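Participant: Hey, dropping work21.cif in here, mmCIF, C-alpha atoms:
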```cif
data_query
loop_
_atom_site.label_atom_id
_atom_site.label_comp_id
_atom_site.auth_asym_id
_atom_site.auth_seq_id
_atom_site.Cartn_x
_atom_site.Cartn_y
_atom_site.Cartn_z
CA MET A 1 -21.70 -46.47 -13.23
CA PRO A 2 -24.64 -48.93 -13.54
CA ASP A 3 -24.90 -51.08 -16.68
CA ILE A 4 -28.21 -49.43 -17.57
CA LEU A 5 -26.30 -46.23 -18.37
CA GLY A 6 -25.73 -47.73 -21.82
CA THR A 7 -22.34 -46.16 -22.48
CA ASN A 8 -18.77 -46.17 -21.25
CA VAL A 9 -17.74 -44.29 -18.15
CA PRO A 10 -16.67 -40.80 -19.26
CA ASN A 11 -13.02 -39.85 -19.05
CA ILE A 12 -12.06 -37.37 -16.39
CA ASN A 13 -8.90 -35.50 -15.55
CA ASN A 14 -8.10 -37.28 -12.29
CA THR A 15 -4.31 -37.18 -12.28
CA ASP A 16 -2.21 -34.57 -10.51
CA LEU A 17 1.24 -33.87 -11.93
CA ARG A 18 4.01 -31.56 -10.80
CA THR A 19 6.60 -30.36 -13.32
CA GLN A 20 9.78 -28.71 -12.11
CA GLY A 21 12.56 -27.38 -14.28
CA TRP A 22 15.06 -24.65 -14.89
CA GLU A 23 16.59 -22.62 -17.70
CA PHE A 24 20.11 -21.32 -18.21
CA SER A 25 21.43 -18.96 -20.84
CA ILE A 26 24.75 -17.24 -21.34
CA GLY A 27 25.98 -15.10 -24.20
CA TRP A 28 28.88 -12.97 -25.34
CA LYS A 29 29.32 -10.30 -28.02
CA ASP A 30 32.47 -8.46 -28.98
CA ARG A 31 34.08 -6.45 -31.76
CA LEU A 32 37.83 -6.46 -32.30
CA LYS A 33 39.97 -3.58 -33.51
CA ASN A 34 40.39 -5.22 -36.93
CA GLY A 35 36.65 -5.04 -37.49
CA LEU A 36 35.82 -8.65 -36.67
CA SER A 37 32.60 -8.92 -34.68
CA TYR A 38 31.51 -12.19 -33.15
CA GLY A 39 29.03 -13.59 -30.71
CA ALA A 40 28.06 -16.80 -28.97
CA ARG A 41 24.97 -17.82 -27.03
CA PHE A 42 24.41 -21.09 -25.16
CA MET A 43 20.97 -22.12 -23.90
CA LEU A 44 20.23 -25.10 -21.65
CA TYR A 45 17.00 -26.17 -19.98
CA ASP A 46 15.59 -29.20 -18.23
CA SER A 47 12.38 -30.38 -16.57
CA ARG A 48 10.79 -33.52 -15.13
CA THR A 49 7.19 -34.37 -14.32
CA LYS A 50 6.22 -36.29 -11.20
CA ILE A 51 2.88 -37.99 -10.55
CA THR A 52 1.57 -36.69 -7.24
CA ARG A 53 -1.85 -38.38 -7.34
CA TYR A 54 -3.37 -41.14 -9.51
CA PRO A 55 -6.28 -42.95 -7.85
CA ASN A 56 -6.90 -45.28 -10.83
CA ASN A 57 -3.91 -47.48 -10.02
CA PRO A 58 -4.40 -48.99 -6.55
CA THR A 59 -2.22 -52.01 -7.44
CA HIS A 60 0.72 -49.78 -8.48
CA SER A 61 0.93 -51.46 -11.88
CA ILE A 62 4.11 -50.41 -13.66
CA ASP A 63 2.28 -50.37 -17.01
CA THR A 64 0.55 -47.10 -16.17
CA TYR A 65 0.97 -44.04 -13.95
CA VAL A 66 2.25 -44.73 -10.43
CA GLU A 67 1.75 -42.13 -7.76
CA GLY A 68 5.05 -40.76 -6.49
CA ARG A 69 7.07 -41.71 -9.58
CA TYR A 70 8.18 -39.76 -12.65
CA ILE A 71 6.35 -40.14 -15.94
CA ASN A 72 7.92 -41.93 -18.93
CA GLU A 73 9.85 -44.48 -16.88
CA ILE A 74 10.92 -47.54 -18.90
CA TRP A 75 10.74 -50.84 -17.04
CA GLY A 76 12.58 -53.78 -18.55
CA TYR A 77 14.78 -56.83 -18.13
CA GLU A 78 18.56 -56.86 -17.84
CA THR A 79 20.17 -58.64 -20.77
CA ILE A 80 23.06 -61.04 -20.27
CA GLY A 81 23.59 -61.50 -24.00
CA ILE A 82 22.75 -63.65 -27.00
CA ALA A 83 23.48 -67.37 -26.61
CA LYS A 84 26.07 -68.29 -29.25
CA SER A 85 25.31 -72.00 -29.03
CA ASP A 86 22.66 -74.40 -27.76
CA ASP A 87 25.07 -75.48 -25.03
CA GLU A 88 25.43 -71.91 -23.79
CA MET A 89 21.67 -71.48 -23.66
CA SER A 90 21.28 -74.83 -21.85
CA ALA A 91 23.87 -73.80 -19.27
CA HIS A 92 22.02 -70.53 -18.70
CA LEU A 93 18.65 -72.25 -18.29
CA ALA A 94 20.22 -74.72 -15.85
CA THR A 95 20.82 -71.81 -13.45
CA LEU A 96 17.08 -71.07 -13.50
CA ASP A 97 15.76 -74.18 -11.78
CA LYS A 98 12.31 -72.77 -10.93
CA GLY A 99 10.97 -72.33 -14.44
CA GLY A 100 13.73 -71.06 -16.69
CA GLN A 101 12.55 -68.41 -19.14
CA ASN A 102 9.25 -70.20 -19.89
CA ALA A 103 7.18 -67.23 -18.71
CA LEU A 104 8.45 -65.32 -21.74
CA GLY A 105 8.46 -68.11 -24.35
CA SER A 106 9.56 -71.61 -25.22
CA ASP A 107 12.10 -73.48 -27.35
CA TRP A 108 15.11 -71.45 -26.25
CA LYS A 109 18.10 -72.05 -28.53
CA ALA A 110 21.28 -70.52 -29.90
CA GLY A 111 20.61 -66.99 -31.07
CA ASP A 112 18.07 -66.28 -28.33
CA ILE A 113 18.35 -63.77 -25.51
CA MET A 114 19.57 -64.75 -22.06
CA TYR A 115 17.86 -62.65 -19.38
CA ARG A 116 19.25 -62.02 -15.90
CA ASP A 117 17.44 -63.30 -12.79
CA LEU A 118 17.42 -60.05 -10.82
CA ASN A 119 15.26 -61.19 -7.89
CA GLY A 120 16.99 -64.57 -7.53
CA ASP A 121 13.81 -66.68 -7.62
CA GLY A 122 15.19 -69.18 -10.16
CA LYS A 123 13.11 -68.04 -13.11
CA ILE A 124 12.63 -65.10 -15.46
CA SER A 125 9.26 -63.41 -15.25
CA GLY A 126 7.51 -60.09 -14.90
CA GLY A 127 6.15 -60.99 -11.48
CA ALA A 128 2.88 -59.29 -10.64
CA GLY A 129 3.82 -56.33 -12.80
CA THR A 130 3.69 -53.93 -9.87
CA VAL A 131 6.18 -51.66 -8.18
CA GLU A 132 6.18 -54.00 -5.18
CA ASP A 133 6.60 -57.13 -7.35
CA PRO A 134 8.13 -56.29 -10.76
CA GLY A 135 9.68 -59.74 -11.07
CA ASP A 136 12.96 -59.45 -12.93
CA ARG A 137 12.16 -56.03 -14.35
CA LYS A 138 13.58 -52.74 -13.16
CA VAL A 139 13.67 -49.12 -14.33
CA ILE A 140 16.20 -49.17 -17.18
CA GLY A 141 15.60 -45.68 -18.53
CA ASN A 142 13.26 -42.76 -19.08
CA SER A 143 12.04 -41.39 -22.39
CA THR A 144 11.72 -37.78 -21.20
CA PRO A 145 14.16 -35.52 -23.12
CA ARG A 146 16.61 -34.12 -20.58
CA PHE A 147 19.06 -31.22 -20.74
CA GLN A 148 17.92 -29.79 -24.08
CA PHE A 149 20.32 -27.23 -25.47
CA GLY A 150 21.10 -24.82 -28.26
CA LEU A 151 24.36 -23.19 -29.31
CA ASP A 152 24.28 -20.14 -31.58
CA LEU A 153 27.57 -18.85 -33.05
CA ASN A 154 27.98 -15.88 -35.38
CA ALA A 155 30.72 -13.73 -36.83
CA ALA A 156 31.08 -10.92 -39.38
CA TRP A 157 34.11 -9.27 -41.00
CA LYS A 158 34.51 -6.96 -44.00
CA GLY A 159 31.16 -7.89 -45.50
CA PHE A 160 31.38 -11.62 -44.80
CA ASP A 161 29.00 -13.13 -42.24
CA LEU A 162 28.67 -16.57 -40.72
CA ARG A 163 26.07 -18.15 -38.46
CA VAL A 164 26.15 -21.69 -37.05
CA PHE A 165 23.35 -23.12 -34.91
CA PHE A 166 23.47 -26.45 -33.06
CA GLN A 167 20.66 -28.02 -31.06
CA GLY A 168 20.26 -31.27 -29.19
CA VAL A 169 19.34 -33.35 -26.17
CA MET A 170 21.96 -34.54 -23.71
CA LYS A 171 20.00 -37.43 -22.20
CA ARG A 172 17.06 -39.48 -23.47
CA ASP A 173 16.28 -43.18 -23.46
CA TYR A 174 14.10 -44.73 -26.14
CA TRP A 175 12.58 -48.18 -26.31
CA GLN A 176 11.70 -48.99 -29.91
CA GLY A 177 10.69 -52.64 -29.76
CA SER A 178 9.06 -52.95 -33.19
CA ASP A 179 9.83 -54.53 -36.56
CA TYR A 180 11.64 -51.33 -37.55
CA LEU A 181 14.42 -52.28 -35.14
CA PHE A 182 14.24 -56.08 -35.08
CA GLY A 183 13.00 -56.84 -38.61
CA ALA A 184 10.60 -59.57 -37.51
CA THR A 185 8.55 -59.83 -34.31
CA GLY A 186 5.36 -61.40 -33.08
CA SER A 187 3.42 -59.20 -35.50
CA GLY A 188 4.04 -61.96 -38.05
CA LEU A 189 5.16 -62.30 -41.64
CA TRP A 190 3.26 -59.33 -43.05
CA GLY A 191 4.49 -57.01 -40.35
CA ALA A 192 8.17 -57.76 -40.96
CA CYS A 193 10.49 -55.06 -42.29
CA GLY A 194 13.17 -55.49 -44.93
CA LEU A 195 15.42 -52.62 -43.87
CA ASP A 196 19.16 -52.90 -44.47
CA ALA A 197 19.74 -51.88 -40.86
CA VAL A 198 18.07 -55.05 -39.51
CA GLY A 199 20.50 -57.36 -41.32
CA ASP A 200 22.90 -57.75 -38.39
CA TYR A 201 21.03 -60.72 -36.89
CA TYR A 202 22.35 -63.96 -35.35
CA ARG A 203 22.89 -66.85 -37.74
CA ASP A 204 24.93 -70.03 -37.53
CA GLU A 205 25.42 -73.09 -39.72
CA ASN A 206 21.85 -74.20 -38.99
CA THR A 207 20.27 -70.98 -40.24
CA TRP A 208 18.41 -71.37 -43.54
CA SER A 209 19.98 -68.34 -45.22
CA VAL A 210 23.48 -69.64 -44.37
CA GLN A 211 22.71 -73.16 -45.60
CA GLU A 212 21.40 -71.76 -48.90
CA GLY A 213 24.47 -69.57 -49.32
CA TYR A 214 22.69 -66.23 -49.09
CA ARG A 215 24.33 -65.14 -45.85
CA ASP A 216 27.51 -65.78 -43.86
CA VAL A 217 27.60 -67.04 -40.29
CA ASN A 218 27.19 -64.15 -37.83
CA GLN A 219 27.35 -65.34 -34.22
CA ASN A 220 28.51 -61.96 -32.86
CA ALA A 221 25.41 -60.19 -34.16
CA TYR A 222 23.63 -57.24 -32.59
CA LEU A 223 20.16 -58.71 -33.08
CA PRO A 224 18.92 -62.17 -32.01
CA ARG A 225 17.77 -64.78 -34.50
CA PRO A 226 14.68 -63.59 -36.38
CA LEU A 227 11.45 -65.14 -35.11
CA TYR A 228 7.76 -64.42 -35.42
CA SER A 229 7.68 -64.24 -31.63
CA ASN A 230 8.28 -61.55 -29.02
CA LYS A 231 10.27 -63.68 -26.58
CA ASN A 232 13.57 -62.08 -27.61
CA PHE A 233 12.12 -58.60 -27.87
CA GLN A 234 11.00 -58.00 -24.32
CA THR A 235 11.87 -54.50 -23.12
CA GLN A 236 15.49 -54.90 -22.07
CA THR A 237 18.82 -53.16 -21.58
CA ARG A 238 20.54 -54.52 -24.71
CA TYR A 239 18.22 -52.80 -27.16
CA LEU A 240 17.39 -49.69 -25.17
CA GLN A 241 18.34 -46.86 -27.52
CA ASN A 242 20.37 -43.81 -26.54
CA ALA A 243 18.37 -40.98 -28.12
CA ALA A 244 20.69 -38.16 -27.07
CA TYR A 245 21.87 -36.16 -30.04
CA ILE A 246 23.50 -33.02 -31.35
CA ARG A 247 22.51 -31.62 -34.75
CA LEU A 248 23.93 -28.88 -36.91
CA LYS A 249 20.53 -27.34 -37.51
CA ASN A 250 21.62 -24.40 -39.61
CA LEU A 251 24.73 -23.07 -41.28
CA SER A 252 24.62 -19.85 -43.25
CA VAL A 253 27.41 -17.95 -44.98
CA GLY A 254 26.95 -14.64 -46.75
CA TYR A 255 28.75 -11.73 -48.32
CA THR A 256 27.44 -8.16 -48.56
CA LEU A 257 28.95 -6.00 -51.27
CA PRO A 258 30.47 -2.66 -50.11
CA ASP A 259 28.08 0.29 -49.94
CA ASN A 260 30.30 2.48 -52.07
CA LEU A 261 29.90 -0.02 -54.89
CA THR A 262 26.18 -0.76 -54.66
CA SER A 263 25.26 2.92 -54.27
CA LYS A 264 26.56 3.56 -57.78
CA TRP A 265 23.94 1.13 -59.07
CA GLY A 266 21.11 2.70 -57.08
CA ILE A 267 20.94 -0.31 -54.78
CA GLN A 268 21.07 0.03 -51.02
CA LYS A 269 22.31 -3.51 -50.26
CA ILE A 270 23.30 -6.65 -52.14
CA ARG A 271 23.94 -9.87 -50.24
CA VAL A 272 24.70 -13.30 -51.64
CA TYR A 273 24.35 -16.24 -49.29
CA PHE A 274 24.45 -20.00 -48.83
CA SER A 275 22.35 -21.80 -46.24
CA GLY A 276 22.20 -25.43 -45.11
CA GLU A 277 19.67 -27.14 -42.82
CA ASN A 278 20.16 -30.42 -40.90
CA LEU A 279 23.68 -30.87 -42.27
CA TRP A 280 25.09 -33.18 -39.60
CA THR A 281 23.80 -35.25 -36.69
CA GLY A 282 25.67 -37.04 -33.93
CA THR A 283 23.61 -39.68 -32.13
CA GLY A 284 23.77 -43.20 -30.73
CA LEU A 285 20.42 -44.20 -32.23
CA ALA A 286 20.16 -47.08 -34.69
CA GLU A 287 20.72 -45.63 -38.15
CA GLN A 288 17.13 -46.10 -39.35
CA PHE A 289 15.78 -43.63 -36.78
CA ASP A 290 15.92 -39.86 -36.50
CA PRO A 291 16.17 -38.39 -32.97
CA GLU A 292 13.64 -35.67 -33.78
CA THR A 293 10.96 -38.00 -35.19
CA ILE A 294 11.16 -41.07 -32.94
CA GLY A 295 7.90 -40.10 -31.27
CA THR A 296 5.99 -40.48 -34.54
CA ASN A 297 4.56 -43.89 -35.57
CA LYS A 298 7.20 -45.92 -33.69
CA GLY A 299 9.95 -43.94 -35.35
CA ASN A 300 8.73 -44.83 -38.84
CA ALA A 301 8.57 -41.21 -39.94
CA TYR A 302 9.90 -39.51 -43.04
CA PRO A 303 13.40 -38.31 -42.09
CA LEU A 304 14.14 -34.63 -41.79
CA SER A 305 15.51 -33.39 -45.08
CA LYS A 306 19.01 -32.07 -45.51
CA THR A 307 18.43 -28.80 -47.36
CA LEU A 308 20.99 -26.73 -49.29
CA SER A 309 20.06 -23.36 -50.70
CA CYS A 310 21.70 -20.21 -52.04
CA GLY A 311 20.32 -16.86 -52.98
CA LEU A 312 20.74 -13.20 -53.76
CA SER A 313 19.12 -10.52 -51.62
CA LEU A 314 18.59 -7.01 -53.04
CA THR A 315 17.46 -3.98 -51.01
CA PHE A 316 16.57 -0.85 -52.95
#
```
In structure tokens, how does this file's structure come out?
Facilitator:
Amino acid sequence: MPDILGTNVPNINNTDLRTQGWEFSIGWKDRLKNGLSYGARFMLYDSRTKITRYPNNPTHSIDTYVEGRYINEIWGYETIGIAKSDDEMSAHLATLDKGGQNALGSDWKAGDIMYRDLNGDGKISGGAGTVEDPGDRKVIGNSTPRFQFGLDLNAAWKGFDLRVFFQGVMKRDYWQGSDYLFGATGSGLWGACGLDAVGDYYRDENTWSVQEGYRDVNQNAYLPRPLYSNKNFQTQTRYLQNAAYIRLKNLSVGYTLPDNLTSKWGIQKIRVYFSGENLWTGTGLAEQFDPETIGTNKGNAYPLSKTLSCGLSLTF
């Protein structure tokens, strides 16, 4: 559009996507001679979306849609590990004789990340940031939830009833990359987070908190040394989160009094029950995140509540 238009170019829907998926469901119901009835139902579904046309990306930049690839791909570096000493970091940088890791930052020391030179060019960099030249980045995951499932179990016997419902995702990758995972990043002092879960960071005898006696040495830490810099927090394999999960979404137990008893009171049905929501979760995510809310505000969402309730149901 010419500059004299006086406004931004309007957005248009110029991307073609193709989503393919499938669903599977199987169930069983039965009643035994002793009066026990039970049932089970398992549901599983999956889908992926592919970009079939995106004319706004002629360079094939990996930071946006790329025609012919699936959406939600995560491109990142491969992590060797955290350098436990200055000598280890120096030895690593010596293998990168064409520029080291200077494209990502400077002053590399003990407690910093060592990245792998995937393209063998003697330095660590993001290249041109395109599919043809991603530098030392590669596809390390995809944030699309895959193989979502539900399992519904129920049983009833002599007035007692039970229902258990599980749900979950079998495969999902999640790059968090913020202060909520690392504690401190390039966002600076006022963006840092004081969560208990970010306390497993690298520290040696030269770390201020160790010298002052507030913390013990921790050279086998999960997190690198805390810095107001993003050089250690590039998208990478070490901190890619496994967001697959299984959750006990609902458990309910009840008892219905016999009809011959309630009929004497002029009541058709009396049932007492207990119900619980979100009682248990199995996941590989860092403990400060919930697998169902990670898409909200970088995972900084109010966690789903564990709810316990009981009640009495009367039918006249």
Participant: How many Å separate atom CA of A:Thr207 from atom CA of A:Pro224?
Facilitator: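 It comes out at 12.1 Å.
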Participant: Could you name the residues that touch A:Asp112 at 8 Å or less, counting all atoms listed in the file, but leaving out those on the same chain fewer than 3 positions away, as a PyMOL selection string?
Facilitator: chain A and resi 82-83+89+108-109+224-225+232
Participant: Near A:Thr59, within 9 Å and counting only C-alpha atoms, which residues show up once chain neighbours fewer than 6 positions away are dropped, as an mmCIF file with C-alpha atoms, in the frame of the given file?
Facilitator:
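Produced file out06.cif, reproduced below:
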```cif
data_model
loop_
_atom_site.group_PDB
_atom_site.id
_atom_site.type_symbol
_atom_site.label_atom_id
_atom_site.label_comp_id
_atom_site.auth_asym_id
_atom_site.auth_seq_id
_atom_site.Cartn_x
_atom_site.Cartn_y
_atom_site.Cartn_z
ATOM 1 C CA THR A 130 3.690 -53.930 -9.870
ATOM 2 C CA VAL A 131 6.180 -51.660 -8.180
ATOM 3 C CA GLU A 132 6.180 -54.000 -5.180
#
```
Participant: Quote the spacing between atom CA of A:Gly21 and atom CA of A:Arg53 in Å to one decimal place.
Facilitator: 19.4 Å
Participant: Per residue of stretch 43-75 of chain A within 10 Å of stretch 159-175 of chain A, which atom pair is closest and at what distance in Å (one decimal), using all atoms listed in the file, listed by chain and increasing number, as a Markdown table?
Facilitator:
```
| residue | atom | partner | partner_atom | distance |
| --- | --- | --- | --- | --- |
| A:Met43 | CA | A:Gln167 | CA | 9.3 |
| A:Leu44 | CA | A:Val169 | CA | 9.4 |
| A:Tyr45 | CA | A:Val169 | CA | 9.8 |
| A:Asp46 | CA | A:Val169 | CA | 9.7 |
| A:Asn72 | CA | A:Asp173 | CA | 9.6 |
| A:Glu73 | CA | A:Asp173 | CA | 9.3 |
| A:Ile74 | CA | A:Trp175 | CA | 7.6 |
| A:Trp75 | CA | A:Trp175 | CA | 9.8 |
```
Participant: Suppose you want the space between atom CA of A:Leu308 and atom CA of A:Arg247; what is it in Å?
Facilitator: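 Distance between the two atoms: 15.4 Å.
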Participant: Return as a VMD selection string the set of residues that the PyMOL selection byres ((chain A and resi 136-143) around 10) yields on the displayed structure.
Facilitator: chain A and resid 62 70 to 78 115 to 121 123 to 127 129 to 131 133 to 135 144 to 146 171 to 175 235 to 237 240 to 243 295
Participant: Determine, counting all atoms listed in the file, every residue of protein, DNA or RNA that lies within 12 Å of (22.1, -69.5, -37.4) in the file coordinates, then give the result as a ChimeraX atom specification.
Facilitator: /A:82-86,109-112,200-212,215-221,223-227
Participant: List the neighbours of A:Tyr255 out to 12 Å using all atoms listed in the file; skip same-chain residues closer than 5 positions along the sequence, and give me the result as an NGL selection string.
Facilitator: :A and (155-162 or 269-274 or 310-313)
Participant: For a quick check of understanding, using only C-alpha atoms, which of A:Gln268, A:Tyr245, A:Val198, A:Gln234 has the smallest distance to A:Gln101?
Facilitator: A:Gln234
Participant: On this file, the PyMOL selection byres ((chain A and resi 186) around 8) gives some set of residues; write that set as number ranges by chain.
Facilitator: A: 184-185, 187-188, 227-230
Participant: Apply the PyMOL selection byres ((chain A and resi 195) around 10) to the file shown and report the selected residues as a ChimeraX atom specification.
Facilitator: /A:179-183,192-194,196-199,288
Participant: Which one is closest to A:Ala286: A:Asn260, A:Gln176, A:Pro10, A:Tyr302? Count all atoms listed in the file.
Facilitator: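 Of A:Asn260, A:Gln176, A:Pro10, A:Tyr302, the one nearest A:Ala286 is A:Gln176, counting all atoms listed in the file.
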Participant: Using only C-alpha atoms, can you tell me which of A:Thr7, A:Asn297, A:Ser25, A:Ser305 comes closest to A:Leu151?
Facilitator: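 Among A:Thr7, A:Asn297, A:Ser25, A:Ser305, it is A:Ser25 that comes nearest to A:Leu151.
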Participant: For A:Thr52, which residue among A:Ala128, A:Ile246, A:Leu17, A:Leu32 is the nearest when counting only C-alpha atoms?
Facilitator: A:Leu17
Participant: Go through A:Tyr239, A:Phe149, A:Phe24, A:Phe316 and flag the residue nearest A:Ser178, using only C-alpha atoms for the distances.
Facilitator: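 Closest residue, counting only C-alpha atoms: A:Tyr239.
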